[in-house]
$ cat input24.csv   # CSV, C-alpha atoms
chain,number,residue,atom,x,y,z
A,300,MET,CA,-8.9,23.2,-1.9
A,301,THR,CA,-12.5,22.0,-1.6
A,302,GLY,CA,-14.5,19.2,-3.1
A,303,PRO,CA,-13.9,15.4,-3.1
A,304,TYR,CA,-10.4,14.0,-2.6
A,305,ASP,CA,-8.9,12.1,-5.5
A,306,LEU,CA,-7.7,9.5,-3.1
A,307,VAL,CA,-8.4,8.7,0.6
A,308,THR,CA,-6.3,5.9,2.1
A,309,MET,CA,-6.9,4.2,5.4
A,310,GLY,CA,-4.4,2.1,7.4
A,311,ARG,CA,-0.9,1.8,8.5
A,312,VAL,CA,1.5,4.7,9.3
A,313,GLY,CA,4.7,5.1,11.2
A,314,VAL,CA,8.4,5.8,11.1
A,315,ASP,CA,10.9,3.9,9.0
A,316,LEU,CA,14.4,3.8,10.3
A,317,TYR,CA,16.5,2.5,7.4
A,318,PRO,CA,20.3,1.8,7.5
A,319,LEU,CA,22.4,4.3,5.6
A,320,ARG,CA,24.7,1.4,4.5
A,321,THR,CA,23.5,-1.5,2.4
A,322,GLY,CA,24.6,-5.1,2.7
A,323,VAL,CA,25.2,-4.8,6.5
A,324,PRO,CA,23.5,-6.8,9.2
A,325,LEU,CA,21.2,-4.7,11.4
A,326,ALA,CA,23.4,-5.5,14.4
A,327,GLU,CA,26.3,-3.7,12.8
A,328,VAL,CA,24.5,-0.6,11.5
A,329,GLU,CA,25.5,2.6,13.3
A,330,THR,CA,23.5,5.3,11.4
A,331,PHE,CA,20.0,5.3,10.2
A,332,GLY,CA,17.8,7.6,8.1
A,333,ARG,CA,14.3,8.5,9.4
A,334,PHE,CA,11.5,8.4,6.9
A,335,LEU,CA,7.7,8.5,6.9
A,336,GLY,CA,6.5,4.9,6.5
A,337,GLY,CA,3.4,2.6,6.4
A,338,SER,CA,1.7,1.3,3.3
A,339,ALA,CA,-1.4,3.5,3.4
A,340,ALA,CA,0.7,6.6,4.0
A,341,ASN,CA,3.1,5.7,1.2
A,342,VAL,CA,0.3,5.2,-1.3
A,343,ALA,CA,-1.1,8.6,-0.4
A,344,VAL,CA,2.3,10.2,-0.8
A,345,ALA,CA,2.9,8.4,-4.1
A,346,ALA,CA,-0.4,9.8,-5.6
A,347,ALA,CA,0.2,13.2,-4.1
A,348,ARG,CA,3.7,13.3,-5.8
A,349,LEU,CA,1.9,12.7,-9.1
A,350,GLY,CA,-0.4,15.7,-8.5
A,351,ARG,CA,-3.4,14.1,-6.9
A,352,ARG,CA,-5.3,15.5,-3.9
A,353,THR,CA,-4.9,12.9,-1.2
A,354,ALA,CA,-5.7,12.3,2.5
A,355,LEU,CA,-4.9,9.6,5.0
A,356,ILE,CA,-7.1,8.1,7.8
A,357,SER,CA,-4.8,6.7,10.5
A,358,ARG,CA,-3.6,7.2,14.1
A,359,THR,CA,-0.2,7.8,15.7
A,360,GLY,CA,1.1,7.9,19.2
A,361,ASP,CA,0.8,11.1,21.2
A,362,ASP,CA,4.6,11.4,21.1
A,363,PRO,CA,7.4,13.2,19.1
A,364,PHE,CA,7.4,10.6,16.4
A,365,GLY,CA,3.7,11.1,15.9
A,366,GLY,CA,4.3,14.8,15.4
A,367,TYR,CA,7.0,14.0,12.9
A,368,VAL,CA,4.6,11.7,11.0
A,369,ARG,CA,1.9,14.4,10.7
A,370,GLY,CA,4.4,17.0,9.7
A,371,ALA,CA,5.9,14.8,7.1
A,372,LEU,CA,2.5,14.0,5.6
A,373,ARG,CA,1.8,17.8,5.3
A,374,ASP,CA,5.2,18.3,3.7
A,375,PHE,CA,4.4,15.6,1.1
A,376,GLY,CA,1.0,17.3,0.3
A,377,VAL,CA,-1.2,14.7,2.1
A,378,ASP,CA,-4.0,16.0,4.2
A,379,GLU,CA,-3.5,14.6,7.7
A,380,ARG,CA,-6.7,15.9,9.3
A,381,TRP,CA,-7.8,12.4,10.1
A,382,VAL,CA,-4.4,11.3,11.5
A,383,THR,CA,-4.9,11.8,15.2
A,384,PRO,CA,-2.9,10.9,18.3
A,385,VAL,CA,-3.7,8.0,20.6
A,386,ALA,CA,-2.2,8.4,24.1
A,387,ALA,CA,-2.1,4.8,25.0
A,388,TYR,CA,0.3,3.5,22.4
A,389,PRO,CA,3.6,4.7,20.8
A,390,THR,CA,4.0,5.6,17.2
A,391,PRO,CA,5.3,2.4,15.4
A,392,LEU,CA,8.9,2.0,14.2
A,393,THR,CA,10.0,-0.2,11.4
A,394,PHE,CA,13.6,-1.2,10.8
A,395,CYS,CA,15.0,-3.1,7.8
A,396,GLU,CA,18.1,-4.7,6.5
A,397,ILE,CA,19.1,-3.9,2.9
A,398,HIS,CA,20.7,-6.7,1.0
A,399,PRO,CA,20.1,-6.0,-2.7
A,400,PRO,CA,18.7,-7.2,-5.0
A,401,ASP,CA,16.0,-9.3,-3.2
A,402,ASP,CA,16.6,-9.6,0.5
A,403,PHE,CA,15.0,-6.8,2.7
A,404,PRO,CA,14.0,-8.2,6.1
A,405,LEU,CA,11.6,-6.0,8.0
A,406,TYR,CA,11.4,-5.6,11.8
A,407,PHE,CA,8.1,-4.1,13.0
A,408,TYR,CA,7.9,-2.5,16.5
A,409,ARG,CA,4.1,-2.2,16.9
A,410,ARG,CA,3.5,-3.5,20.5
A,411,PRO,CA,1.7,-3.6,22.8
A,412,LYS,CA,-0.5,-2.3,19.9
A,413,ALA,CA,-0.1,0.0,17.0
A,414,PRO,CA,-2.3,3.2,17.2
A,415,ASP,CA,-3.3,2.8,13.6
A,416,LEU,CA,-5.3,-0.2,14.7
A,417,GLU,CA,-7.2,2.1,17.1
A,418,ILE,CA,-9.4,3.6,14.5
A,419,HIS,CA,-13.1,3.4,15.6
A,420,ALA,CA,-16.0,3.3,13.2
A,421,ALA,CA,-17.8,6.2,15.0
A,422,GLU,CA,-14.8,8.5,14.4
A,423,LEU,CA,-14.9,8.2,10.6
A,424,ASP,CA,-15.9,11.0,8.3
A,425,LEU,CA,-18.1,8.7,6.1
A,426,ASP,CA,-19.2,11.6,3.9
A,427,ALA,CA,-15.6,12.1,2.8
A,428,VAL,CA,-15.1,8.4,2.3
A,429,ARG,CA,-18.2,8.2,0.1
A,430,ALA,CA,-17.2,11.2,-1.9
A,431,ALA,CA,-13.5,10.3,-2.6
A,432,ARG,CA,-12.9,9.4,-6.2
A,433,ILE,CA,-10.8,6.5,-5.0
A,434,PHE,CA,-10.9,4.9,-1.5
A,435,TRP,CA,-8.0,2.6,-0.5
A,436,VAL,CA,-7.9,0.1,2.5
A,437,THR,CA,-5.4,-2.5,3.4
A,438,GLY,CA,-5.3,-6.0,4.9
A,439,THR,CA,-3.4,-4.8,7.9
A,440,GLY,CA,-6.4,-2.8,8.9
A,441,LEU,CA,-8.4,-6.0,9.3
A,442,SER,CA,-6.0,-7.7,11.6
A,443,GLU,CA,-7.3,-6.3,15.0
A,444,GLU,CA,-10.3,-4.5,16.5
A,445,PRO,CA,-11.5,-1.8,16.4
A,446,SER,CA,-9.8,-1.1,13.1
A,447,ARG,CA,-11.4,-4.2,11.5
A,448,THR,CA,-14.9,-3.0,12.2
A,449,ALA,CA,-14.0,0.5,11.2
A,450,THR,CA,-12.5,-0.7,7.9
A,451,LEU,CA,-15.5,-2.8,7.0
A,452,ALA,CA,-17.9,0.0,8.1
A,453,ALA,CA,-16.1,2.4,5.8
A,454,LEU,CA,-16.2,-0.1,2.9
A,455,ALA,CA,-20.0,-0.7,3.5
A,456,ALA,CA,-20.7,3.1,3.6
A,457,ARG,CA,-18.7,3.5,0.4
A,458,ALA,CA,-21.1,1.0,-1.2
A,459,ARG,CA,-18.7,0.4,-4.2
A,460,ARG,CA,-18.9,4.1,-5.3
A,461,GLY,CA,-16.2,5.2,-7.7
A,462,VAL,CA,-13.1,3.0,-7.3
A,463,THR,CA,-12.7,1.1,-4.0
A,464,VAL,CA,-9.3,-0.6,-3.7
A,465,PHE,CA,-8.5,-3.4,-1.3
A,466,ASP,CA,-4.7,-3.7,-1.0
A,467,LEU,CA,-4.3,-7.3,0.2
A,468,ASP,CA,-1.2,-6.2,2.2
A,469,TRP,CA,-0.4,-9.5,4.0
A,470,ARG,CA,1.8,-9.3,7.1
A,471,PRO,CA,1.5,-12.6,8.9
A,472,MET,CA,3.0,-11.3,12.1
A,473,PHE,CA,0.1,-8.9,12.5
A,474,TRP,CA,-2.2,-11.9,12.6
A,475,GLY,CA,-0.3,-14.0,15.2
A,476,GLY,CA,1.9,-15.6,12.5
A,477,GLU,CA,5.7,-15.8,12.3
A,478,GLY,CA,8.2,-13.1,11.5
A,479,GLY,CA,9.8,-9.8,12.5
A,480,ALA,CA,9.9,-8.1,15.9
A,481,SER,CA,6.1,-7.5,16.0
A,482,GLY,CA,5.8,-9.1,19.4
A,483,ALA,CA,3.4,-11.6,18.0
A,484,GLY,CA,4.0,-15.3,17.6
A,485,GLY,CA,2.9,-18.8,18.3
A,486,ALA,CA,0.6,-19.3,15.3
A,487,THR,CA,1.9,-20.9,12.1
A,488,GLY,CA,1.6,-19.2,8.7
A,489,PRO,CA,-1.3,-21.4,7.7
A,490,ALA,CA,-3.1,-20.7,10.9
A,491,ALA,CA,-2.7,-17.0,10.5
A,492,MET,CA,-3.9,-17.3,6.9
A,493,ALA,CA,-7.0,-19.2,8.0
A,494,ALA,CA,-7.7,-16.5,10.6
A,495,ALA,CA,-7.5,-13.7,8.0
A,496,ARG,CA,-9.4,-15.3,5.1
A,497,PRO,CA,-13.0,-14.6,6.2
A,498,HIS,CA,-12.1,-11.0,6.9
A,499,TYR,CA,-10.5,-10.6,3.5
A,500,ALA,CA,-13.6,-12.1,1.9
A,501,ALA,CA,-15.7,-9.6,3.7
A,502,ALA,CA,-13.6,-6.7,2.4
A,503,LEU,CA,-13.5,-8.1,-1.1
A,504,ALA,CA,-17.3,-8.1,-1.2
A,505,HIS,CA,-17.2,-4.3,-1.0
A,506,ALA,CA,-14.2,-3.6,-3.2
A,507,THR,CA,-14.0,-2.9,-6.9
A,508,VAL,CA,-10.2,-3.4,-7.2
A,509,ALA,CA,-7.9,-5.9,-5.5
A,510,VAL,CA,-4.1,-5.6,-5.6
A,511,GLY,CA,-1.7,-8.2,-4.2
A,512,ASN,CA,1.2,-10.5,-4.8
A,513,ALA,CA,1.1,-14.3,-4.9
A,514,ASP,CA,1.2,-14.7,-1.1
A,515,GLU,CA,-1.5,-12.1,-0.6
A,516,CYS,CA,-3.7,-13.6,-3.2
A,517,GLU,CA,-3.4,-17.0,-1.5
A,518,VAL,CA,-4.5,-15.5,1.8
A,519,ALA,CA,-7.5,-13.9,0.1
A,520,THR,CA,-8.5,-16.7,-2.2
A,521,GLY,CA,-6.4,-19.9,-1.7
A,522,GLU,CA,-4.9,-19.4,-5.2
A,523,ARG,CA,-1.3,-18.5,-6.0
A,524,GLU,CA,-1.1,-19.1,-9.8
A,525,PRO,CA,-1.6,-15.6,-11.2
A,526,TYR,CA,-4.5,-16.3,-13.6
A,527,ALA,CA,-6.2,-18.5,-11.1
A,528,ALA,CA,-5.8,-15.9,-8.4
A,529,ALA,CA,-7.2,-13.2,-10.7
A,530,ARG,CA,-10.2,-15.3,-11.5
A,531,ALA,CA,-10.8,-16.0,-7.8
A,532,LEU,CA,-10.6,-12.3,-6.9
A,533,LEU,CA,-13.1,-11.5,-9.7
A,534,ALA,CA,-15.4,-14.2,-8.4
A,535,ALA,CA,-15.1,-12.7,-4.9
A,536,GLY,CA,-16.7,-9.5,-6.2
A,537,VAL,CA,-14.1,-7.1,-7.6
A,538,GLU,CA,-14.1,-5.6,-11.1
A,539,LEU,CA,-10.4,-5.5,-11.5
A,540,ALA,CA,-7.8,-7.9,-10.1
A,541,VAL,CA,-4.1,-6.9,-10.1
A,542,VAL,CA,-1.6,-9.6,-9.3
A,543,LYS,CA,2.0,-8.5,-8.8
A,544,GLN,CA,4.6,-11.1,-9.8
A,545,GLY,CA,7.9,-9.5,-8.8
A,546,PRO,CA,10.5,-10.2,-11.5
A,547,LYS,CA,7.8,-11.6,-13.8
A,548,GLY,CA,5.9,-8.3,-13.9
A,549,VAL,CA,2.2,-7.7,-13.3
A,550,LEU,CA,-1.0,-9.3,-14.4
A,551,ALA,CA,-4.2,-7.3,-14.4
A,552,VAL,CA,-7.6,-8.8,-15.4
A,553,HIS,CA,-10.8,-6.8,-15.6
A,554,ARG,CA,-14.3,-8.4,-15.3
A,555,ASP,CA,-15.1,-7.2,-18.9
A,556,GLY,CA,-12.3,-9.5,-20.2
A,557,THR,CA,-9.6,-7.0,-20.7
A,558,THR,CA,-6.2,-8.4,-19.7
A,559,ALA,CA,-2.8,-6.7,-19.3
A,560,GLN,CA,0.4,-8.8,-18.7
A,561,VAL,CA,3.1,-6.2,-18.2
A,562,PRO,CA,6.9,-7.0,-17.9
A,563,PRO,CA,9.0,-5.4,-15.2
A,564,VAL,CA,11.1,-2.3,-15.9
A,565,PRO,CA,14.8,-3.1,-15.4
A,566,VAL,CA,16.6,-1.1,-12.8
A,567,GLU,CA,19.4,-1.7,-10.4
A,568,VAL,CA,17.6,-2.5,-7.1
A,569,VAL,CA,18.8,-0.6,-4.0
A,570,ASN,CA,15.8,-1.3,-1.7
A,571,GLY,CA,12.7,-3.2,-2.9
A,572,LEU,CA,10.6,-1.9,0.0
A,573,GLY,CA,8.1,0.7,-1.0
A,574,ALA,CA,8.0,-0.3,-4.7
A,575,GLY,CA,4.5,-1.8,-4.2
A,576,ASP,CA,3.2,1.4,-2.6
A,577,ALA,CA,4.6,3.5,-5.5
A,578,PHE,CA,2.9,1.1,-7.8
A,579,GLY,CA,-0.4,1.5,-5.9
A,580,GLY,CA,-0.3,5.3,-5.9
A,581,ALA,CA,0.6,5.4,-9.6
A,582,LEU,CA,-2.1,2.9,-10.4
A,583,CYS,CA,-4.6,5.2,-8.7
A,584,HIS,CA,-3.2,8.1,-10.8
A,585,GLY,CA,-3.8,6.1,-14.0
A,586,LEU,CA,-7.3,5.0,-13.0
A,587,LEU,CA,-8.2,8.6,-12.2
A,588,ALA,CA,-6.8,9.7,-15.6
A,589,GLY,CA,-9.1,7.2,-17.4
A,590,TRP,CA,-6.2,5.4,-19.0
A,591,ASP,CA,-6.7,2.0,-20.5
A,592,LEU,CA,-5.7,-0.9,-18.3
A,593,GLU,CA,-2.3,-1.7,-20.0
A,594,ARG,CA,-1.2,1.9,-19.9
A,595,ALA,CA,-2.1,2.3,-16.2
A,596,VAL,CA,-0.3,-0.8,-15.2
A,597,ARG,CA,2.8,0.0,-17.3
A,598,TYR,CA,3.0,3.4,-15.7
A,599,ALA,CA,2.5,2.0,-12.2
A,600,ASN,CA,5.2,-0.7,-12.8
A,601,ALA,CA,7.7,2.0,-13.8
A,602,ALA,CA,6.9,4.1,-10.7
A,603,GLY,CA,7.5,1.0,-8.5
A,604,ALA,CA,10.8,0.4,-10.3
A,605,ILE,CA,12.0,3.9,-9.6
A,606,VAL,CA,11.4,3.5,-5.9
A,607,ALA,CA,13.2,0.1,-5.9
A,608,SER,CA,16.2,1.9,-7.3
A,609,ARG,CA,16.3,4.3,-4.3
A,610,LEU,CA,16.9,3.9,-0.5
A,611,ALA,CA,13.7,5.2,1.1
A,612,CYS,CA,10.0,4.7,0.5
A,613,SER,CA,7.9,7.9,1.0
A,614,SER,CA,10.6,10.4,0.0
A,615,ALA,CA,11.6,8.2,-3.0
A,616,MET,CA,8.1,8.4,-4.7
A,617,PRO,CA,8.6,9.7,-8.2
A,618,THR,CA,7.1,12.6,-10.1
A,619,ASP,CA,5.3,12.2,-13.4
A,620,ASP,CA,8.3,13.5,-15.3
A,621,GLU,CA,10.5,10.8,-13.7
A,622,VAL,CA,8.1,8.0,-14.6
A,623,THR,CA,7.7,9.3,-18.1
A,624,ALA,CA,11.5,9.5,-18.6
A,625,LEU,CA,12.0,5.9,-17.4
A,626,LEU,CA,9.3,4.6,-19.8
A,627,ALA,CA,10.9,6.6,-22.6
A,628,ALA,CA,14.2,5.0,-21.9
A,629,HIS,CA,12.6,1.6,-22.6
A,630,PRO,CA,10.7,1.8,-25.9
A,631,ASP,CA,9.0,-1.5,-25.5
A,632,ARG,CA,7.5,-0.2,-22.3
A,633,ARG,CA,7.0,3.4,-23.4
A,634,MET,CA,3.5,5.0,-23.5
A,635,GLU,CA,2.4,8.0,-25.5
A,636,ALA,CA,2.8,11.3,-23.7
A,637,GLU,CA,-0.7,12.6,-22.9
A,638,GLY,CA,-2.1,15.1,-20.5
A,639,THR,CA,-3.7,14.0,-17.3
A,640,PRO,CA,-7.4,14.9,-16.9

$ encode --input "input24.csv" --output "structure tokens"
Amino acid sequence: MTGPYDLVTMGRVGVDLYPLRTGVPLAEVETFGRFLGGSAANVAVAAARLGRRTALISRTGDDPFGGYVRGALRDFGVDERWVTPVAAYPTPLTFCEIHPPDDFPLYFYRRPKAPDLEIHAAELDLDAVRAARIFWVTGTGLSEEPSRTATLAALAARARRGVTVFDLDWRPMFWGGEGGASGAGGATGPAAMAAARPHYAAALAHATVAVGNADECEVATGEREPYAAARALLAAGVELAVVKQGPKGVLAVHRDGTTAQVPPVPVEVVNGLGAGDAFGGALCHGLLAGWDLERAVRYANAAGAIVASRLACSSAMPTDDEVTALLAAHPDRRMEAEGTP
């Protein structure tokens, strides 16, 4: 295929090792499933599963896990030409514990440094970044150099063409805050937030869409209350602010005054990890289709719910038929069946 990509994402990729038993402490788990992971990779997979032409800009280690990552991306239909190996660092691993319905601790192994933070600005194909119908970056990409400079350079080159999404994607351990097995530590949560905020502000100045939960919005704007956070994100420069509220659903506010407050789609939660990435890929699908805001957010919400009802992330991303069927099962959340442009 030739021509612009529907979606190019840039950021984290790695291998998820998830326990094949739920409700068991990690120390007692004996068997794990291996899956493609990383938020930017998962968003690209989610959109590809919905029929979109997608690509990922990232890095892996020059090791067998890196080979697995690139092969898995190809198998999911994601162009991996810009996912290249870095000899100095191993491909990251992420473990989790699964305690439904709402406890899913993550343990990141990204030290001494994750290769996806070794993206250099000079290596970027800026013509492809400019041409993509949607370009998607994440907060993790701002956490260390040279990825920070590369991310901001890509955003500046993009110059707000088309749809440019900043996934706020807050992981305090990547900024020297608390949590997980990242190898980082010493700084408090507020200190990590203070370190991140100016870089988030720089990214928001180039973005047209911001997506995040309450914690992520607080990092970016200092606001947690959904409407206040949405207004602050709009004031920071974006055209569309999407605030995820977990069991309270999703709030989306456009600069033109259009607002969508969408309730969650009820499912039996198996693993909540990856639901936000499914939401992101499906939101891109809706924006590309030209749907109105409420329809796009309802569809994205349903995609996230499907992944929350499954064990994995990347391999759990739903098809359009699956999302449509779930919405049809909940008439108050159903949307009319229309073709996708």

$ residues_around --input "input24.csv" --residues "Leu582 in chain A" --least-positions-apart "3" --cutoff "8 Å" --atoms "only C-alpha atoms" --output "list in words"
Phe578, Gly579, Gly585, Leu586, Ala595, Val596, Tyr598 and Ala599 of chain A

$ residues_around --input "input24.csv" --residues "range 497-505 of chain A" --least-positions-apart "5" --cutoff "12 Å" --atoms "only C-alpha atoms" --output "PyMOL selection string"
chain A and resi 434-444+446-469+474+491-492+510-511+515-521+531-540

$ write_last_selection --input "input24.csv" --atoms "C-alpha atoms" --output "mmCIF file, in the coordinates of the input"
data_model
loop_
_atom_site.group_PDB
_atom_site.id
_atom_site.type_symbol
_atom_site.label_atom_id
_atom_site.label_comp_id
_atom_site.auth_asym_id
_atom_site.auth_seq_id
_atom_site.Cartn_x
_atom_site.Cartn_y
_atom_site.Cartn_z
ATOM 1 C CA PHE A 434 -10.900 4.900 -1.500
ATOM 2 C CA TRP A 435 -8.000 2.600 -0.500
ATOM 3 C CA VAL A 436 -7.900 0.100 2.500
ATOM 4 C CA THR A 437 -5.400 -2.500 3.400
ATOM 5 C CA GLY A 438 -5.300 -6.000 4.900
ATOM 6 C CA THR A 439 -3.400 -4.800 7.900
ATOM 7 C CA GLY A 440 -6.400 -2.800 8.900
ATOM 8 C CA LEU A 441 -8.400 -6.000 9.300
ATOM 9 C CA SER A 442 -6.000 -7.700 11.600
ATOM 10 C CA GLU A 443 -7.300 -6.300 15.000
ATOM 11 C CA GLU A 444 -10.300 -4.500 16.500
ATOM 12 C CA SER A 446 -9.800 -1.100 13.100
ATOM 13 C CA ARG A 447 -11.400 -4.200 11.500
ATOM 14 C CA THR A 448 -14.900 -3.000 12.200
ATOM 15 C CA ALA A 449 -14.000 0.500 11.200
ATOM 16 C CA THR A 450 -12.500 -0.700 7.900
ATOM 17 C CA LEU A 451 -15.500 -2.800 7.000
ATOM 18 C CA ALA A 452 -17.900 0.000 8.100
ATOM 19 C CA ALA A 453 -16.100 2.400 5.800
ATOM 20 C CA LEU A 454 -16.200 -0.100 2.900
ATOM 21 C CA ALA A 455 -20.000 -0.700 3.500
ATOM 22 C CA ALA A 456 -20.700 3.100 3.600
ATOM 23 C CA ARG A 457 -18.700 3.500 0.400
ATOM 24 C CA ALA A 458 -21.100 1.000 -1.200
ATOM 25 C CA ARG A 459 -18.700 0.400 -4.200
ATOM 26 C CA ARG A 460 -18.900 4.100 -5.300
ATOM 27 C CA GLY A 461 -16.200 5.200 -7.700
ATOM 28 C CA VAL A 462 -13.100 3.000 -7.300
ATOM 29 C CA THR A 463 -12.700 1.100 -4.000
ATOM 30 C CA VAL A 464 -9.300 -0.600 -3.700
ATOM 31 C CA PHE A 465 -8.500 -3.400 -1.300
ATOM 32 C CA ASP A 466 -4.700 -3.700 -1.000
ATOM 33 C CA LEU A 467 -4.300 -7.300 0.200
ATOM 34 C CA ASP A 468 -1.200 -6.200 2.200
ATOM 35 C CA TRP A 469 -0.400 -9.500 4.000
ATOM 36 C CA TRP A 474 -2.200 -11.900 12.600
ATOM 37 C CA ALA A 491 -2.700 -17.000 10.500
ATOM 38 C CA MET A 492 -3.900 -17.300 6.900
ATOM 39 C CA VAL A 510 -4.100 -5.600 -5.600
ATOM 40 C CA GLY A 511 -1.700 -8.200 -4.200
ATOM 41 C CA GLU A 515 -1.500 -12.100 -0.600
ATOM 42 C CA CYS A 516 -3.700 -13.600 -3.200
ATOM 43 C CA GLU A 517 -3.400 -17.000 -1.500
ATOM 44 C CA VAL A 518 -4.500 -15.500 1.800
ATOM 45 C CA ALA A 519 -7.500 -13.900 0.100
ATOM 46 C CA THR A 520 -8.500 -16.700 -2.200
ATOM 47 C CA GLY A 521 -6.400 -19.900 -1.700
ATOM 48 C CA ALA A 531 -10.800 -16.000 -7.800
ATOM 49 C CA LEU A 532 -10.600 -12.300 -6.900
ATOM 50 C CA LEU A 533 -13.100 -11.500 -9.700
ATOM 51 C CA ALA A 534 -15.400 -14.200 -8.400
ATOM 52 C CA ALA A 535 -15.100 -12.700 -4.900
ATOM 53 C CA GLY A 536 -16.700 -9.500 -6.200
ATOM 54 C CA VAL A 537 -14.100 -7.100 -7.600
ATOM 55 C CA GLU A 538 -14.100 -5.600 -11.100
ATOM 56 C CA LEU A 539 -10.400 -5.500 -11.500
ATOM 57 C CA ALA A 540 -7.800 -7.900 -10.100
#

$ closest_residue --input "input24.csv" --among "A:Leu392, A:Ala490, A:Val541, A:Ile397" --to "Ala607 in chain A" --atoms "only C-alpha atoms"
A:Ile397

$ closest_residue --input "input24.csv" --among "A:Phe334, A:Arg380, A:Ile418, A:Arg351" --to "Gly310 in chain A" --atoms "all atoms listed in the file"
A:Ile418

$ closest_residue --input "input24.csv" --among "A:Gly573, A:Pro546, A:Gly350, A:Pro384" --to "Cys612 in chain A" --atoms "only C-alpha atoms"
A:Gly573

$ atom_distance --input "input24.csv" --atom1 "CA of Arg597 in chain A" --atom2 "CA of Val549 in chain A"
8.7 Å

$ residues_near_point --input "input24.csv" --point "(-0.8, -0.4, 21.5)" --cutoff "7 Å" --atoms "all atoms listed in the file" --output "list in words"
Ala387, Tyr388, Pro389, Arg409, Arg410, Pro411, Lys412, Ala413 and Pro414 of chain A

$ atom_distance --input "input24.csv" --atom1 "CA of Val344 in chain A" --atom2 "CA of Gly302 in chain A"
19.2 Å

$ atom_distance --input "input24.csv" --atom1 "CA of Gly475 in chain A" --atom2 "CA of Val385 in chain A"
22.9 Å

$ closest_residue --input "input24.csv" --among "A:Ala588, A:Leu416, A:Ala346, A:Val566" --to "Pro617 in chain A" --atoms "all atoms listed in the file"
A:Ala346

$ closest_residue --input "input24.csv" --among "A:Leu572, A:Met616, A:Ala420, A:Val314" --to "Arg369 in chain A" --atoms "only C-alpha atoms"
A:Val314

$ closest_residue --input "input24.csv" --among "A:Ala421, A:Pro400, A:Asp378, A:Asp576" --to "Arg311 in chain A" --atoms "all atoms listed in the file"
A:Asp576

$ closest_atom_pairs --input "input24.csv" --of "range 337-438 of chain A" --to "range 622-627 of chain A" --cutoff "12 Å" --atoms "only C-alpha atoms" --output "JSON lines"
{"residue": "A:Ala345", "atom": "CA", "partner": "A:Val622", "partner_atom": "CA", "distance": 11.7}
{"residue": "A:Arg348", "atom": "CA", "partner": "A:Val622", "partner_atom": "CA", "distance": 11.2}
{"residue": "A:Leu349", "atom": "CA", "partner": "A:Val622", "partner_atom": "CA", "distance": 9.5}

$ write_last_selection --input "input24.csv" --atoms "C-alpha atoms" --output "PDB file, keeping the file's coordinate frame"
ATOM      1  CA  ALA A 345       2.900   8.400  -4.100  1.00  0.00           C
ATOM      2  CA  ARG A 348       3.700  13.300  -5.800  1.00  0.00           C
ATOM      3  CA  LEU A 349       1.900  12.700  -9.100  1.00  0.00           C
TER       4      LEU A 349
END

$ residues_near_point --input "input24.csv" --point "(15.1, -3.3, 3.1)" --cutoff "12 Å" --atoms "all atoms listed in the file" --output "mmCIF file with C-alpha atoms, keeping the file's coordinate frame"
data_model
loop_
_atom_site.group_PDB
_atom_site.id
_atom_site.type_symbol
_atom_site.label_atom_id
_atom_site.label_comp_id
_atom_site.auth_asym_id
_atom_site.auth_seq_id
_atom_site.Cartn_x
_atom_site.Cartn_y
_atom_site.Cartn_z
ATOM 1 C CA ASP A 315 10.900 3.900 9.000
ATOM 2 C CA LEU A 316 14.400 3.800 10.300
ATOM 3 C CA TYR A 317 16.500 2.500 7.400
ATOM 4 C CA PRO A 318 20.300 1.800 7.500
ATOM 5 C CA LEU A 319 22.400 4.300 5.600
ATOM 6 C CA ARG A 320 24.700 1.400 4.500
ATOM 7 C CA THR A 321 23.500 -1.500 2.400
ATOM 8 C CA GLY A 322 24.600 -5.100 2.700
ATOM 9 C CA VAL A 323 25.200 -4.800 6.500
ATOM 10 C CA PRO A 324 23.500 -6.800 9.200
ATOM 11 C CA LEU A 325 21.200 -4.700 11.400
ATOM 12 C CA THR A 393 10.000 -0.200 11.400
ATOM 13 C CA PHE A 394 13.600 -1.200 10.800
ATOM 14 C CA CYS A 395 15.000 -3.100 7.800
ATOM 15 C CA GLU A 396 18.100 -4.700 6.500
ATOM 16 C CA ILE A 397 19.100 -3.900 2.900
ATOM 17 C CA HIS A 398 20.700 -6.700 1.000
ATOM 18 C CA PRO A 399 20.100 -6.000 -2.700
ATOM 19 C CA PRO A 400 18.700 -7.200 -5.000
ATOM 20 C CA ASP A 401 16.000 -9.300 -3.200
ATOM 21 C CA ASP A 402 16.600 -9.600 0.500
ATOM 22 C CA PHE A 403 15.000 -6.800 2.700
ATOM 23 C CA PRO A 404 14.000 -8.200 6.100
ATOM 24 C CA LEU A 405 11.600 -6.000 8.000
ATOM 25 C CA TYR A 406 11.400 -5.600 11.800
ATOM 26 C CA VAL A 568 17.600 -2.500 -7.100
ATOM 27 C CA VAL A 569 18.800 -0.600 -4.000
ATOM 28 C CA ASN A 570 15.800 -1.300 -1.700
ATOM 29 C CA GLY A 571 12.700 -3.200 -2.900
ATOM 30 C CA LEU A 572 10.600 -1.900 0.000
ATOM 31 C CA GLY A 573 8.100 0.700 -1.000
ATOM 32 C CA ALA A 574 8.000 -0.300 -4.700
ATOM 33 C CA VAL A 606 11.400 3.500 -5.900
ATOM 34 C CA ALA A 607 13.200 0.100 -5.900
ATOM 35 C CA SER A 608 16.200 1.900 -7.300
ATOM 36 C CA ARG A 609 16.300 4.300 -4.300
ATOM 37 C CA LEU A 610 16.900 3.900 -0.500
ATOM 38 C CA ALA A 611 13.700 5.200 1.100
ATOM 39 C CA CYS A 612 10.000 4.700 0.500
#
